[in-house]
Every structure is written in C-alpha cells, then in structure tokens.
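Trainee: Supplied structure: input-v9.cif, mmCIF, N, CA and C atoms.
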```
data_model
loop_
_atom_site.label_atom_id
_atom_site.label_comp_id
_atom_site.auth_asym_id
_atom_site.auth_seq_id
_atom_site.Cartn_x
_atom_site.Cartn_y
_atom_site.Cartn_z
N MET A 1 130.11 -40.60 58.38
CA MET A 1 131.40 -40.16 57.95
C MET A 1 131.87 -39.00 58.83
N GLN A 2 130.99 -38.02 59.03
CA GLN A 2 131.35 -36.87 59.85
C GLN A 2 131.61 -37.30 61.29
N ALA A 3 130.85 -38.25 61.79
CA ALA A 3 131.04 -38.73 63.17
C ALA A 3 132.42 -39.38 63.34
N GLN A 4 132.86 -40.12 62.33
CA GLN A 4 134.18 -40.75 62.40
C GLN A 4 135.28 -39.70 62.41
N ILE A 5 135.13 -38.69 61.59
CA ILE A 5 136.13 -37.62 61.53
C ILE A 5 136.16 -36.87 62.85
N ASP A 6 134.97 -36.58 63.40
CA ASP A 6 134.90 -35.89 64.68
C ASP A 6 135.54 -36.72 65.79
N LYS A 7 135.32 -38.02 65.76
CA LYS A 7 135.90 -38.90 66.78
C LYS A 7 137.43 -38.89 66.69
N LEU A 8 137.95 -38.96 65.47
CA LEU A 8 139.41 -38.94 65.29
C LEU A 8 139.97 -37.60 65.73
N ASN A 9 139.33 -36.50 65.32
CA ASN A 9 139.80 -35.18 65.72
C ASN A 9 139.71 -35.01 67.24
N GLY A 10 138.71 -35.59 67.85
CA GLY A 10 138.57 -35.51 69.29
C GLY A 10 139.63 -36.28 70.05
N SER A 11 140.24 -37.25 69.38
CA SER A 11 141.28 -38.05 70.04
C SER A 11 142.66 -37.40 69.95
N ILE A 12 142.76 -36.32 69.22
CA ILE A 12 144.05 -35.65 69.06
C ILE A 12 144.28 -34.73 70.25
N ARG A 13 145.35 -34.99 70.96
CA ARG A 13 145.71 -34.21 72.14
C ARG A 13 147.20 -33.88 72.07
N PHE A 14 147.51 -32.62 72.26
CA PHE A 14 148.91 -32.20 72.30
C PHE A 14 149.33 -32.01 73.75
N VAL A 15 150.60 -32.25 74.01
CA VAL A 15 151.14 -32.09 75.36
C VAL A 15 152.25 -31.05 75.34
N ASP A 16 152.58 -30.55 76.52
CA ASP A 16 153.71 -29.64 76.64
C ASP A 16 154.98 -30.44 76.40
N SER A 17 155.72 -30.09 75.37
CA SER A 17 156.89 -30.87 74.96
C SER A 17 157.92 -31.02 76.08
N ASN A 18 158.02 -30.02 76.93
CA ASN A 18 159.03 -30.06 78.00
C ASN A 18 158.56 -30.86 79.21
N ALA A 19 157.29 -31.15 79.29
CA ALA A 19 156.75 -31.84 80.46
C ALA A 19 156.94 -33.36 80.39
N TYR A 20 157.17 -33.88 79.21
CA TYR A 20 157.29 -35.33 79.04
C TYR A 20 158.58 -35.65 78.30
N VAL A 21 159.12 -36.83 78.58
CA VAL A 21 160.36 -37.26 77.95
C VAL A 21 160.20 -37.37 76.44
N ASN A 22 159.11 -37.92 76.01
CA ASN A 22 158.88 -38.10 74.57
C ASN A 22 157.79 -37.15 74.06
N GLY A 23 157.67 -35.99 74.67
CA GLY A 23 156.63 -35.04 74.31
C GLY A 23 156.70 -34.59 72.86
N VAL A 24 157.90 -34.36 72.35
CA VAL A 24 158.07 -33.91 70.97
C VAL A 24 157.59 -34.99 70.01
N GLN A 25 158.01 -36.23 70.25
CA GLN A 25 157.60 -37.33 69.37
C GLN A 25 156.09 -37.54 69.45
N TYR A 26 155.53 -37.42 70.63
CA TYR A 26 154.09 -37.60 70.81
C TYR A 26 153.34 -36.54 70.01
N ASN A 27 153.78 -35.30 70.11
CA ASN A 27 153.13 -34.22 69.38
C ASN A 27 153.27 -34.40 67.87
N GLN A 28 154.40 -34.92 67.42
CA GLN A 28 154.59 -35.19 65.99
C GLN A 28 153.59 -36.25 65.54
N TYR A 29 153.38 -37.26 66.37
CA TYR A 29 152.41 -38.31 66.06
C TYR A 29 151.00 -37.71 65.98
N GLN A 30 150.68 -36.79 66.89
CA GLN A 30 149.36 -36.16 66.89
C GLN A 30 149.15 -35.32 65.62
N VAL A 31 150.21 -34.65 65.17
CA VAL A 31 150.13 -33.88 63.92
C VAL A 31 149.86 -34.82 62.76
N LYS A 32 150.53 -35.97 62.74
CA LYS A 32 150.30 -36.96 61.67
C LYS A 32 148.85 -37.45 61.70
N LYS A 33 148.29 -37.68 62.89
CA LYS A 33 146.90 -38.09 63.01
C LYS A 33 145.98 -37.00 62.46
N GLN A 34 146.30 -35.76 62.75
CA GLN A 34 145.50 -34.64 62.28
C GLN A 34 145.54 -34.56 60.75
N GLN A 35 146.72 -34.73 60.18
CA GLN A 35 146.86 -34.70 58.73
C GLN A 35 146.13 -35.87 58.09
N GLN A 36 146.21 -37.03 58.72
CA GLN A 36 145.52 -38.21 58.22
C GLN A 36 144.01 -37.99 58.21
N ALA A 37 143.50 -37.37 59.25
CA ALA A 37 142.06 -37.10 59.33
C ALA A 37 141.63 -36.16 58.22
N ALA A 38 142.42 -35.14 57.98
CA ALA A 38 142.09 -34.18 56.92
C ALA A 38 142.13 -34.86 55.55
N LYS A 39 143.15 -35.66 55.31
CA LYS A 39 143.28 -36.35 54.03
C LYS A 39 142.13 -37.34 53.84
N SER A 40 141.82 -38.07 54.89
CA SER A 40 140.73 -39.04 54.84
C SER A 40 139.40 -38.35 54.55
N ALA A 41 139.18 -37.23 55.20
CA ALA A 41 137.93 -36.49 54.99
C ALA A 41 137.83 -36.01 53.55
N LYS A 42 138.91 -35.47 53.02
CA LYS A 42 138.89 -34.98 51.65
C LYS A 42 138.62 -36.13 50.67
N THR A 43 139.25 -37.26 50.91
CA THR A 43 139.06 -38.42 50.04
C THR A 43 137.62 -38.90 50.09
N GLN A 44 137.08 -39.01 51.29
CA GLN A 44 135.71 -39.48 51.44
C GLN A 44 134.71 -38.51 50.83
N ILE A 45 134.94 -37.23 51.00
CA ILE A 45 134.04 -36.25 50.42
C ILE A 45 134.08 -36.32 48.90
N ALA A 46 135.27 -36.47 48.34
CA ALA A 46 135.39 -36.58 46.89
C ALA A 46 134.65 -37.82 46.38
N GLU A 47 134.78 -38.93 47.09
CA GLU A 47 134.08 -40.16 46.69
C GLU A 47 132.56 -39.98 46.78
N GLN A 48 132.10 -39.32 47.83
CA GLN A 48 130.67 -39.10 48.00
C GLN A 48 130.13 -38.17 46.90
N LYS A 49 130.89 -37.14 46.54
CA LYS A 49 130.46 -36.24 45.47
C LYS A 49 130.37 -36.99 44.14
N LYS A 50 131.35 -37.85 43.88
CA LYS A 50 131.34 -38.63 42.65
C LYS A 50 130.12 -39.55 42.62
N SER A 51 129.84 -40.18 43.73
CA SER A 51 128.69 -41.07 43.83
C SER A 51 127.39 -40.29 43.62
N LEU A 52 127.30 -39.10 44.21
CA LEU A 52 126.11 -38.26 44.04
C LEU A 52 125.93 -37.88 42.57
N GLU A 53 127.01 -37.50 41.91
CA GLU A 53 126.93 -37.14 40.49
C GLU A 53 126.45 -38.32 39.65
N GLN A 54 126.94 -39.50 39.97
CA GLN A 54 126.52 -40.69 39.23
C GLN A 54 125.03 -40.97 39.44
N MET A 55 124.57 -40.81 40.67
CA MET A 55 123.15 -41.01 40.95
C MET A 55 122.29 -39.97 40.25
N GLN A 56 122.77 -38.72 40.23
CA GLN A 56 122.03 -37.66 39.55
C GLN A 56 121.95 -37.93 38.04
N ASP A 57 123.06 -38.37 37.46
CA ASP A 57 123.06 -38.71 36.04
C ASP A 57 122.10 -39.86 35.74
N ALA A 58 122.09 -40.85 36.62
CA ALA A 58 121.18 -41.99 36.43
C ALA A 58 119.73 -41.53 36.51
N ALA A 59 119.44 -40.60 37.42
CA ALA A 59 118.08 -40.08 37.55
C ALA A 59 117.68 -39.30 36.30
N LYS A 60 118.62 -38.51 35.77
CA LYS A 60 118.34 -37.76 34.54
C LYS A 60 118.03 -38.71 33.39
N LYS A 61 118.86 -39.75 33.25
CA LYS A 61 118.69 -40.71 32.17
C LYS A 61 117.39 -41.51 32.32
N ALA A 62 116.95 -41.68 33.55
CA ALA A 62 115.72 -42.42 33.80
C ALA A 62 114.49 -41.55 33.56
N GLY A 63 114.71 -40.26 33.26
CA GLY A 63 113.61 -39.38 32.95
C GLY A 63 112.94 -38.75 34.15
N MET A 64 113.61 -38.75 35.28
CA MET A 64 113.03 -38.16 36.48
C MET A 64 113.10 -36.63 36.38
N GLY A 65 112.21 -35.96 37.07
CA GLY A 65 112.18 -34.51 37.06
C GLY A 65 113.39 -33.91 37.75
N SER A 66 113.68 -32.66 37.44
CA SER A 66 114.86 -32.01 38.01
C SER A 66 114.80 -31.87 39.53
N ALA A 67 113.61 -31.89 40.10
CA ALA A 67 113.48 -31.83 41.55
C ALA A 67 114.10 -33.04 42.22
N VAL A 68 114.19 -34.14 41.50
CA VAL A 68 114.76 -35.37 42.04
C VAL A 68 116.28 -35.33 42.01
N TYR A 69 116.85 -34.87 40.91
CA TYR A 69 118.30 -34.94 40.78
C TYR A 69 119.01 -33.62 40.97
N ASP A 70 118.27 -32.51 41.12
CA ASP A 70 118.91 -31.21 41.32
C ASP A 70 118.15 -30.42 42.37
N PRO A 71 118.23 -30.86 43.63
CA PRO A 71 117.41 -30.22 44.69
C PRO A 71 117.78 -28.81 44.96
#
```
Take the structure in this file and express it as structure tokens.

Mentor:
Amino acid sequence: MQAQIDKLNGSIRFVDSNAYVNGVQYNQYQVKKQQQAAKSAKTQIAEQKKSLEQMQDAAKKAGMGSAVYDP
C-alpha cells in the first residue's frame, strides 16, 4: 500500500506555468493527482485499521492472550 502511494506521489511533477502553453492546466491536474493520493491513502488506512480491529476482536473471542491481539 505504501509503495503504491509512494509511486503515485513520485509521479507528480509541477512545471513552470509560464514555460508551457498548458502549464497551468497541467499543474492543476498534478494537484488533483496529489489530492487523490492523499484521499486514497486515508481510505486505505481506515480500511486496514478496521480490518485490524476485527482481527483483534476475533482473537479475543477465540481466547488468545493479549500478546496476540494487543502487541
């Protein structure tokens, strides 16, 4: 997950708006990519935390020691 986010963030490049005909539009697109990466990361992290909580609850219910579900 982190590798995908790093790859997307690494692909974001801004240009000097005055140096290119469509520099402003290109930079706006790059900002959208940056926002998408942040939103995607937050969503994925929330899903992973929920999954972890479910696994921890299952471990508690199965009678496992706290070292297993609460490291």

Trainee: Expand the PyMOL selection byres (((chain A and resi 37 and name CA) around 10) and name CA) into the individual residues it matches in the shown file, reporting them as a compact mmCIF listing (two decimals) with N, CA and C atoms, keeping the file's coordinate frame.

Mentor:
```
# COMPACT_ATOMS: atom_id res chain seq x y z
N GLN A 4 132.86 -40.12 62.33
CA GLN A 4 134.18 -40.75 62.40
C GLN A 4 135.28 -39.70 62.41
N ILE A 5 135.13 -38.69 61.59
CA ILE A 5 136.13 -37.62 61.53
C ILE A 5 136.16 -36.87 62.85
N ASP A 6 134.97 -36.58 63.40
CA ASP A 6 134.90 -35.89 64.68
C ASP A 6 135.54 -36.72 65.79
N LYS A 7 135.32 -38.02 65.76
CA LYS A 7 135.90 -38.90 66.78
C LYS A 7 137.43 -38.89 66.69
N LEU A 8 137.95 -38.96 65.47
CA LEU A 8 139.41 -38.94 65.29
C LEU A 8 139.97 -37.60 65.73
N ASN A 9 139.33 -36.50 65.32
CA ASN A 9 139.80 -35.18 65.72
C ASN A 9 139.71 -35.01 67.24
N VAL A 31 150.21 -34.65 65.17
CA VAL A 31 150.13 -33.88 63.92
C VAL A 31 149.86 -34.82 62.76
N LYS A 32 150.53 -35.97 62.74
CA LYS A 32 150.30 -36.96 61.67
C LYS A 32 148.85 -37.45 61.70
N LYS A 33 148.29 -37.68 62.89
CA LYS A 33 146.90 -38.09 63.01
C LYS A 33 145.98 -37.00 62.46
N GLN A 34 146.30 -35.76 62.75
CA GLN A 34 145.50 -34.64 62.28
C GLN A 34 145.54 -34.56 60.75
N GLN A 35 146.72 -34.73 60.18
CA GLN A 35 146.86 -34.70 58.73
C GLN A 35 146.13 -35.87 58.09
N GLN A 36 146.21 -37.03 58.72
CA GLN A 36 145.52 -38.21 58.22
C GLN A 36 144.01 -37.99 58.21
N ALA A 38 142.42 -35.14 57.98
CA ALA A 38 142.09 -34.18 56.92
C ALA A 38 142.13 -34.86 55.55
N LYS A 39 143.15 -35.66 55.31
CA LYS A 39 143.28 -36.35 54.03
C LYS A 39 142.13 -37.34 53.84
N SER A 40 141.82 -38.07 54.89
CA SER A 40 140.73 -39.04 54.84
C SER A 40 139.40 -38.35 54.55
N ALA A 41 139.18 -37.23 55.20
CA ALA A 41 137.93 -36.49 54.99
C ALA A 41 137.83 -36.01 53.55
N LYS A 42 138.91 -35.47 53.02
CA LYS A 42 138.89 -34.98 51.65
C LYS A 42 138.62 -36.13 50.67
N THR A 43 139.25 -37.26 50.91
CA THR A 43 139.06 -38.42 50.04
C THR A 43 137.62 -38.90 50.09
```

Trainee: What is the atom N of Gln2 in chain A-atom N of Ala67 in chain A distance in Å, reported with one decimal?

Mentor: 26.4 Å

Trainee: In Å to one decimal, how far is CA of Phe14 in chain A from atom C of Gln28 in chain A?

Mentor: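 Between these atoms lies a distance of 9.2 Å.
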
Trainee: Could you check how far CA of Gln30 in chain A sits from CA of Arg13 in chain A, in Å to one decimal?

Mentor: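 Here the two named atoms are 6.7 Å from each other.
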
Trainee: What's around Val15 in chain A at 9 Å? Count only C-alpha atoms, leave out sequence neighbours fewer than 3 positions away in its own chain, and write the answer as a list in words.

Mentor: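 Within the cut-off, the hits are Asn18, Ala19, Tyr20, Gly23, Val24, Tyr26 and Asn27 of chain A.
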
Trainee: Generate the output file for the selected residues, N, CA and C atoms, as a compact mmCIF listing (two decimals), in the frame of the given file.

Mentor:
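Below is the file that was written, out-v7.txt:
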```txt
# COMPACT_ATOMS: atom_id res chain seq x y z
N ASN A 18 158.02 -30.02 76.93
CA ASN A 18 159.03 -30.06 78.00
C ASN A 18 158.56 -30.86 79.21
N ALA A 19 157.29 -31.15 79.29
CA ALA A 19 156.75 -31.84 80.46
C ALA A 19 156.94 -33.36 80.39
N TYR A 20 157.17 -33.88 79.21
CA TYR A 20 157.29 -35.33 79.04
C TYR A 20 158.58 -35.65 78.30
N GLY A 23 157.67 -35.99 74.67
CA GLY A 23 156.63 -35.04 74.31
C GLY A 23 156.70 -34.59 72.86
N VAL A 24 157.90 -34.36 72.35
CA VAL A 24 158.07 -33.91 70.97
C VAL A 24 157.59 -34.99 70.01
N TYR A 26 155.53 -37.42 70.63
CA TYR A 26 154.09 -37.60 70.81
C TYR A 26 153.34 -36.54 70.01
N ASN A 27 153.78 -35.30 70.11
CA ASN A 27 153.13 -34.22 69.38
C ASN A 27 153.27 -34.40 67.87
```

Trainee: Please complete range 15-26 of chain A with all heavy atoms and give it back as a PDB file, keeping the file's coordinate frame.

Mentor:
```pdb
ATOM      1  N   VAL A  15     150.600 -32.250  74.010  1.00  0.00           N
ATOM      2  CA  VAL A  15     151.140 -32.090  75.360  1.00  0.00           C
ATOM      3  C   VAL A  15     152.250 -31.050  75.340  1.00  0.00           C
ATOM      4  O   VAL A  15     152.812 -30.743  74.287  1.00  0.00           O
ATOM      5  CB  VAL A  15     151.688 -33.433  75.917  1.00  0.00           C
ATOM      6  CG1 VAL A  15     150.591 -34.457  76.053  1.00  0.00           C
ATOM      7  CG2 VAL A  15     152.819 -33.955  75.075  1.00  0.00           C
ATOM      8  N   ASP A  16     152.580 -30.550  76.520  1.00  0.00           N
ATOM      9  CA  ASP A  16     153.710 -29.640  76.640  1.00  0.00           C
ATOM     10  C   ASP A  16     154.980 -30.440  76.400  1.00  0.00           C
ATOM     11  O   ASP A  16     155.274 -31.398  77.130  1.00  0.00           O
ATOM     12  CB  ASP A  16     153.722 -29.006  78.025  1.00  0.00           C
ATOM     13  CG  ASP A  16     154.830 -27.987  78.199  1.00  0.00           C
ATOM     14  OD1 ASP A  16     155.506 -27.661  77.202  1.00  0.00           O
ATOM     15  OD2 ASP A  16     155.015 -27.519  79.338  1.00  0.00           O
ATOM     16  N   SER A  17     155.720 -30.090  75.370  1.00  0.00           N
ATOM     17  CA  SER A  17     156.890 -30.870  74.960  1.00  0.00           C
ATOM     18  C   SER A  17     157.920 -31.020  76.080  1.00  0.00           C
ATOM     19  O   SER A  17     158.608 -32.025  76.169  1.00  0.00           O
ATOM     20  CB  SER A  17     157.577 -30.213  73.759  1.00  0.00           C
ATOM     21  OG  SER A  17     156.692 -30.162  72.677  1.00  0.00           O
ATOM     22  N   ASN A  18     158.020 -30.020  76.930  1.00  0.00           N
ATOM     23  CA  ASN A  18     159.030 -30.060  78.000  1.00  0.00           C
ATOM     24  C   ASN A  18     158.560 -30.860  79.210  1.00  0.00           C
ATOM     25  O   ASN A  18     159.362 -31.220  80.064  1.00  0.00           O
ATOM     26  CB  ASN A  18     159.374 -28.637  78.448  1.00  0.00           C
ATOM     27  CG  ASN A  18     159.997 -27.848  77.327  1.00  0.00           C
ATOM     28  OD1 ASN A  18     160.717 -28.393  76.497  1.00  0.00           O
ATOM     29  ND2 ASN A  18     159.717 -26.558  77.286  1.00  0.00           N
ATOM     30  N   ALA A  19     157.290 -31.150  79.290  1.00  0.00           N
ATOM     31  CA  ALA A  19     156.750 -31.840  80.460  1.00  0.00           C
ATOM     32  C   ALA A  19     156.940 -33.360  80.390  1.00  0.00           C
ATOM     33  O   ALA A  19     156.874 -34.031  81.414  1.00  0.00           O
ATOM     34  CB  ALA A  19     155.270 -31.518  80.629  1.00  0.00           C
ATOM     35  N   TYR A  20     157.170 -33.880  79.210  1.00  0.00           N
ATOM     36  CA  TYR A  20     157.290 -35.330  79.040  1.00  0.00           C
ATOM     37  C   TYR A  20     158.580 -35.650  78.300  1.00  0.00           C
ATOM     38  O   TYR A  20     159.026 -34.898  77.443  1.00  0.00           O
ATOM     39  CB  TYR A  20     156.100 -35.891  78.256  1.00  0.00           C
ATOM     40  CG  TYR A  20     154.793 -35.693  78.969  1.00  0.00           C
ATOM     41  CD1 TYR A  20     153.996 -34.583  78.711  1.00  0.00           C
ATOM     42  CD2 TYR A  20     154.353 -36.616  79.912  1.00  0.00           C
ATOM     43  CE1 TYR A  20     152.799 -34.394  79.370  1.00  0.00           C
ATOM     44  CE2 TYR A  20     153.153 -36.437  80.570  1.00  0.00           C
ATOM     45  CZ  TYR A  20     152.381 -35.322  80.300  1.00  0.00           C
ATOM     46  OH  TYR A  20     151.198 -35.141  80.958  1.00  0.00           O
ATOM     47  N   VAL A  21     159.120 -36.830  78.580  1.00  0.00           N
ATOM     48  CA  VAL A  21     160.360 -37.260  77.950  1.00  0.00           C
ATOM     49  C   VAL A  21     160.200 -37.370  76.440  1.00  0.00           C
ATOM     50  O   VAL A  21     161.043 -36.925  75.678  1.00  0.00           O
ATOM     51  CB  VAL A  21     160.826 -38.618  78.536  1.00  0.00           C
ATOM     52  CG1 VAL A  21     162.045 -39.129  77.806  1.00  0.00           C
ATOM     53  CG2 VAL A  21     161.088 -38.483  80.020  1.00  0.00           C
ATOM     54  N   ASN A  22     159.110 -37.920  76.010  1.00  0.00           N
ATOM     55  CA  ASN A  22     158.880 -38.100  74.570  1.00  0.00           C
ATOM     56  C   ASN A  22     157.790 -37.150  74.060  1.00  0.00           C
ATOM     57  O   ASN A  22     157.090 -37.454  73.107  1.00  0.00           O
ATOM     58  CB  ASN A  22     158.517 -39.547  74.258  1.00  0.00           C
ATOM     59  CG  ASN A  22     157.203 -39.965  74.884  1.00  0.00           C
ATOM     60  OD1 ASN A  22     156.699 -39.300  75.779  1.00  0.00           O
ATOM     61  ND2 ASN A  22     156.654 -41.066  74.412  1.00  0.00           N
ATOM     62  N   GLY A  23     157.670 -35.990  74.670  1.00  0.00           N
ATOM     63  CA  GLY A  23     156.630 -35.040  74.310  1.00  0.00           C
ATOM     64  C   GLY A  23     156.700 -34.590  72.860  1.00  0.00           C
ATOM     65  O   GLY A  23     155.687 -34.463  72.187  1.00  0.00           O
ATOM     66  N   VAL A  24     157.900 -34.360  72.350  1.00  0.00           N
ATOM     67  CA  VAL A  24     158.070 -33.910  70.970  1.00  0.00           C
ATOM     68  C   VAL A  24     157.590 -34.990  70.010  1.00  0.00           C
ATOM     69  O   VAL A  24     156.840 -34.712  69.064  1.00  0.00           O
ATOM     70  CB  VAL A  24     159.536 -33.529  70.686  1.00  0.00           C
ATOM     71  CG1 VAL A  24     159.736 -33.206  69.212  1.00  0.00           C
ATOM     72  CG2 VAL A  24     159.961 -32.352  71.551  1.00  0.00           C
ATOM     73  N   GLN A  25     158.010 -36.230  70.250  1.00  0.00           N
ATOM     74  CA  GLN A  25     157.600 -37.330  69.370  1.00  0.00           C
ATOM     75  C   GLN A  25     156.090 -37.540  69.450  1.00  0.00           C
ATOM     76  O   GLN A  25     155.442 -37.816  68.436  1.00  0.00           O
ATOM     77  CB  GLN A  25     158.312 -38.642  69.748  1.00  0.00           C
ATOM     78  CG  GLN A  25     159.788 -38.638  69.484  1.00  0.00           C
ATOM     79  CD  GLN A  25     160.591 -38.062  70.650  1.00  0.00           C
ATOM     80  OE1 GLN A  25     160.037 -37.629  71.650  1.00  0.00           O
ATOM     81  NE2 GLN A  25     161.904 -38.031  70.500  1.00  0.00           N
ATOM     82  N   TYR A  26     155.530 -37.420  70.630  1.00  0.00           N
ATOM     83  CA  TYR A  26     154.090 -37.600  70.810  1.00  0.00           C
ATOM     84  C   TYR A  26     153.340 -36.540  70.010  1.00  0.00           C
ATOM     85  O   TYR A  26     152.371 -36.845  69.313  1.00  0.00           O
ATOM     86  CB  TYR A  26     153.731 -37.513  72.296  1.00  0.00           C
ATOM     87  CG  TYR A  26     152.254 -37.670  72.561  1.00  0.00           C
ATOM     88  CD1 TYR A  26     151.671 -38.920  72.594  1.00  0.00           C
ATOM     89  CD2 TYR A  26     151.446 -36.556  72.757  1.00  0.00           C
ATOM     90  CE1 TYR A  26     150.308 -39.076  72.825  1.00  0.00           C
ATOM     91  CE2 TYR A  26     150.085 -36.701  72.988  1.00  0.00           C
ATOM     92  CZ  TYR A  26     149.528 -37.960  73.015  1.00  0.00           C
ATOM     93  OH  TYR A  26     148.189 -38.094  73.239  1.00  0.00           O
TER      94      TYR A  26
END
```
